[in-house]
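Q: Would you mind keeping the following structure in view while I ask a few things?
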Amino acid sequence: MPQFLKEYFNRNGIGLGSVMLGLVLFWTVGLIIMPQLSMLDFSFRPNLPPPEIGGPKDLYTLENYKYLIFGPEGGSQDYNAVDLRVFYRTLIAAVLVTIFNLMLCYPIAYYLAQTKGNHIRVLALMLIIPYWINEILRAFALRIIFGETGILNNVLVGMGVFDTPFDFIRNDIALYAGLGYAYILLMIFPIYNVIESLDRNQIEAARDMGASWPRIHWRVVIPYAKPGISSGCTMVFMLSAGALAAPQILGGPSSLWFTQLIYQQFNDNSDWPQGAAYAVVLLVTCILLVLALMRLFKVNMGDIGK
Amino acid sequence: MSAGVGVNLEDLWIKFGDFVAVREANVNINGGDFFSFLGPSGCGKTTILRAVSGFLEPSQGNVLIGGNNMKGIGPNKRPTALIFQNLALFPLMKVWENITFSMEIKGASAKERRKRADELLDMIALTGQGDKLPAELSGGQKQRVAIARALCAEPDVLLLDEPLSALDLKLRQHMRSELREIQKRVGITFIYITHDQGEALTMSDNIAVMRAGVIDQIGDGKTIYNDPMTPFAASFVGENNVFRGRVKQVSGNEVMVTTNRSGDLMARVANGTEGRLKEGDEAMLFIRPEAFSLAPVGTQGDHFVTAQVTKEEFEGNTFNIFMEGDGGKEIKVALPNLGQSFESHQGEAMTLEYQVRNAVALPAGVLATE
């Protein structure tokens with residue numbers, strides 16, 4: 001038995017240690033790795049009717065991936081322009097939602113972390129309580145707010161900002177707002193956690209030496225909060241790119257989210273291998289993008305867990 | 001060497017809600033002085049420092065730096081630099097970036113900053129360590145980096161908030177002389193906050209003794225040690241033995257006090273407190289442990305004290321005798337170790353003698369609690 005396992009069992013005892021280890025293994029292997037591997041396997045197989053599965057035609061193929069890039073064989077276009085456009089638009093939108101979320105949440109997290117008093121607890125509660133409500137209901141609530149006869153339009157038209165109601169839904173504003181709002185806590189709390197441990201004297205020291213507030217944030221707070229920021233951004237980006245409910249409910253008629261395509265392949269077309277291939281492409285691209293950005297901003301994988 | 005910029009506190013009050021942290025402080029700090037605020041924790045000395053640095057607006061009164069009223073001027077616009085108790089070095093910046101942070105704010109080029117950092121690193125004897133991170137330095141080195149960082153801003157006034165309290169004893173003593181050395185070299189005004197009377201006495205030109213938001217006495221170390229003006233200053237600065245009693249007779253600058261335990265004792269009136277004690281007033285008489293010498297047992301007189309020995313200890317440079325004192329407190333006597341032999345007198349009565357000029361009588365008041 002390797003040394004760290006021995007220490008682990010010495011610390012926790014054989015009984016409790018085995019139970020905990022078993023649960024963790026079940027969680028990672030049974031619930032994450034195995035399903036993903038079977039999804040990966042699916043993605044390389046042709047879509048066959050059930051009797052032919054495992055038969056002579058069930059051979060590994062790159063067809064499903066080709067389809068995403070080149071479209072149906074003998075199609076009118078050289079590339080699968082529709083799906084590819086949805087794909088990159090989803091990624092760009094997810095990046096935008098992440099940036100928007102960061103800009104919104106950093107000040108909130110900073111304020112929560114650096115201010116003392118009871119009103120902070122109330123504020124945190126006000127942030128958390130809406131999340132007791134189910135995600136779909138929250139999305140519908142936003143749809144009502146942003147709708148043509150919704151509160152927002154009533155107020156804006158009433159104030160004379162617009163002459164006629166503005167279509168927030170067709171312009172995807174409702175979608176971005178919905179996605180942004182859906183993951184606000186996942187952005188706030190990692191940043192809050194890190195900033196809370198920042199020594200206030202460092203901020204005062206910078207201020208004492210003549211630094212303006214923007215510079216204090218740029219040189220002292222943000223570098224310190226970087227692990228929290230990257231952790232929050234990673235989660236928000238991954239979850240926005242993989243969101244389904246918000247795009248379904250808040251998306252305009254023309255805006256398809258890539259997850260909706262995956263959903264269509266699985267459910268409407270009953271083409272599991274094709275859906276699996278799309279899902280794998282989305283997952284791998286997102287992971288690569290996150291890793292590239294982490295490299296760019298010099299964040300270590302270990303920092304994210306902080 | 002510049003003449004330095006003075007700091008004046010005029011009728012300064014600082015309140016937090018109903019709590020008065022600083023009450024009517026009037027202090028004139030000369031330019032180029034090493035000035036200490038000395039007091040126990042919670043006495044308001046850090047609050048004063050924060051008011052001078054600009055992190056706190058006084059409730060009433062003014063802070064003047066170089067004659068200019070600082071009202072409404074933020075900490076980033078004041079000619080002060082503050083060294084924090086925990087130093088507050090930026091952990092993610094290299095030492096040289098830490099030191100020259102104030103230049104970075106002013107838009108100096110990296111080359112200029114490197115050059116200045118190297119000069120300052122030479123000064124604090126950390127040549128060539130500029131590329132390290134603060135975490136790679138020892139406690140004393142971090143201390144010096146914090147000083148260099150503050151000096152790099154070229155402040156008129158350097159504010160130090162108990163910066164030595166985290167260091168071990170040896171290093172602390174070493175840093176004392178080093179700080180004093182640096183202050184003399186740069187010639188700017190240092191305002192030093194400490195609860196350690198040894199630090200205050202060894203480094204300062206002038207000291208303000210503070211108690212519960214009130215400044216009890218301002219003066220140089222010798223004056224405060226030899227002529228304390230309040231029982232608190234007498235008991236907080238250095239060790240002191242107190243004898244409570246009532247004034248029997250005042251004659252010029254000498255006072256006869258009828259003490260509760262040791263009969264009538266003579267003392268002088270501290271400079272600056274003349275005329276404050278009247279016949280019949282409650283008084284406190286202070287005699288330092290080192291002011292006593294031994295006398296033949298049972299000698300009577302107005303500068304002799306006889307009491308039971310409760311404890312004896314050998315401290316190396318002194319031989320300490322503890323005797324039954326007033327109000328349950330012991331009388332401490334420190335006899336210098338000059339190679340003579342010390343016999344134990346545990347449990348026996350002993351008689352002490354002192355010179356009247358070494359005993360100070362003050363109107364009764366609050367003592368420092370240890």
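FYI, nothing fancy with the structure tokens labels: chains A, B, ... in order, residues from 1 per chain, ligands from 1 as they appear.
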Could you build a table of the residues in chain B lying no more than 10 Å from chain A, giving for each the nearest pair of atoms and their separation in Å rounded to one decimal place, using only C-alpha atoms, ordered by chain and ascending residue number, as a Markdown table?

A:
| residue | atom | partner | partner_atom | distance |
| --- | --- | --- | --- | --- |
| B:Ser53 | CA | A:Asp208 | CA | 7.4 |
| B:Gly54 | CA | A:Asp208 | CA | 8.3 |
| B:Phe55 | CA | A:Glu204 | CA | 8.0 |
| B:Gly74 | CA | A:Asp208 | CA | 8.6 |
| B:Pro75 | CA | A:Asp208 | CA | 5.1 |
| B:Asn76 | CA | A:Gly210 | CA | 3.8 |
| B:Lys77 | CA | A:Gly210 | CA | 6.2 |
| B:Arg78 | CA | A:Asp208 | CA | 7.9 |
| B:Pro79 | CA | A:Met209 | CA | 9.2 |
| B:Thr80 | CA | A:Asp208 | CA | 7.5 |
| B:Ala81 | CA | A:Asp208 | CA | 6.2 |
| B:Leu82 | CA | A:Asp208 | CA | 6.7 |
| B:Ile83 | CA | A:Ala205 | CA | 7.9 |
| B:Phe84 | CA | A:Asn201 | CA | 7.1 |
| B:Gln85 | CA | A:Asn201 | CA | 9.0 |
| B:Asn86 | CA | A:Asn201 | CA | 8.0 |
| B:Leu87 | CA | A:Asn201 | CA | 8.1 |
| B:Ala88 | CA | A:Gln202 | CA | 4.9 |
| B:Leu89 | CA | A:Gln202 | CA | 6.8 |
| B:Phe90 | CA | A:Gln202 | CA | 6.5 |
| B:Pro91 | CA | A:Tyr224 | CA | 8.5 |
| B:Leu92 | CA | A:Tyr224 | CA | 7.3 |
| B:Met93 | CA | A:Arg219 | CA | 8.9 |
| B:Asn98 | CA | A:Ala206 | CA | 9.9 |
| B:Thr100 | CA | A:Met209 | CA | 9.8 |
| B:Phe101 | CA | A:Met209 | CA | 7.5 |
| B:Ser102 | CA | A:Met209 | CA | 5.3 |
| B:Met103 | CA | A:Met209 | CA | 8.9 |
| B:Glu104 | CA | A:Ala211 | CA | 9.1 |
| B:Ile105 | CA | A:Ala211 | CA | 5.9 |
| B:Lys106 | CA | A:Gly210 | CA | 8.4 |
| B:Arg149 | CA | A:Met209 | CA | 8.9 |
| B:Ala150 | CA | A:Met209 | CA | 7.7 |
| B:Cys152 | CA | A:Met209 | CA | 9.4 |
| B:Ala153 | CA | A:Met209 | CA | 6.6 |
| B:Glu154 | CA | A:Met209 | CA | 9.9 |
| B:Pro155 | CA | A:Met209 | CA | 9.2 |

Q: Would you please give, as a count of residues only, all residues of region 56-297 of chain A that DSSP assigns to helix (DSSP H, G or I) based on the backbone?

A: 181

Q: Take CA of Leu294 (chain B) and CA of Arg246 (chain B) and report the distance between them in Å, one decimal.

A: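 Spanning CA of Leu294 (chain B) to CA of Arg246 (chain B) is a straight-line distance of 25.6 Å.
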
Q: CA of Leu239 (chain A) and CA of Ile184 (chain A) are how many Å apart?

A: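 Between these atoms lies a distance of 11.4 Å.
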
Q: Using only C-alpha atoms, determine which residues lie at most 8 Å from region 171-180 of chain B, disregarding the query and same-chain residues fewer than 6 positions distant; provide the list as a PyMOL selection string.

A: chain B and resi 34+140+164-165+199+202-203

Q: What would the file look like if the residues just selected were written as a compact mmCIF listing (two decimals), in the first residue's frame with C-alpha atoms?

A:
# COMPACT_ATOMS: atom_id res chain seq x y z
CA PHE B 34 11.55 60.64 17.20
CA GLY B 140 13.88 41.19 10.62
CA LEU B 164 8.66 45.53 16.41
CA SER B 165 6.07 43.71 18.45
CA GLU B 199 11.36 50.83 23.32
CA THR B 202 15.62 54.00 24.31
CA MET B 203 14.55 55.43 20.97

Q: Could you name the residues that touch region 121-138 of chain B at 6 Å or less, counting only C-alpha atoms, but leaving out those on the same chain fewer than 6 positions away, as a PDB file with N, CA and C atoms, in the first residue's frame?

A:
ATOM      1  N   PRO B  91       2.233  40.432  -0.636  1.00  0.00           N
ATOM      2  CA  PRO B  91       2.868  39.113  -0.739  1.00  0.00           C
ATOM      3  C   PRO B  91       3.164  38.692  -2.181  1.00  0.00           C
ATOM      4  N   LYS B  94       7.394  41.313  -5.748  1.00  0.00           N
ATOM      5  CA  LYS B  94       8.770  41.096  -5.324  1.00  0.00           C
ATOM      6  C   LYS B  94       9.200  42.227  -4.391  1.00  0.00           C
ATOM      7  N   VAL B  95      10.300  41.961  -3.671  1.00  0.00           N
ATOM      8  CA  VAL B  95      10.770  42.932  -2.697  1.00  0.00           C
ATOM      9  C   VAL B  95      10.976  44.304  -3.337  1.00  0.00           C
ATOM     10  N   TRP B  96      11.612  44.332  -4.507  1.00  0.00           N
ATOM     11  CA  TRP B  96      11.885  45.644  -5.109  1.00  0.00           C
ATOM     12  C   TRP B  96      10.603  46.336  -5.545  1.00  0.00           C
TER      13      TRP B  96
END
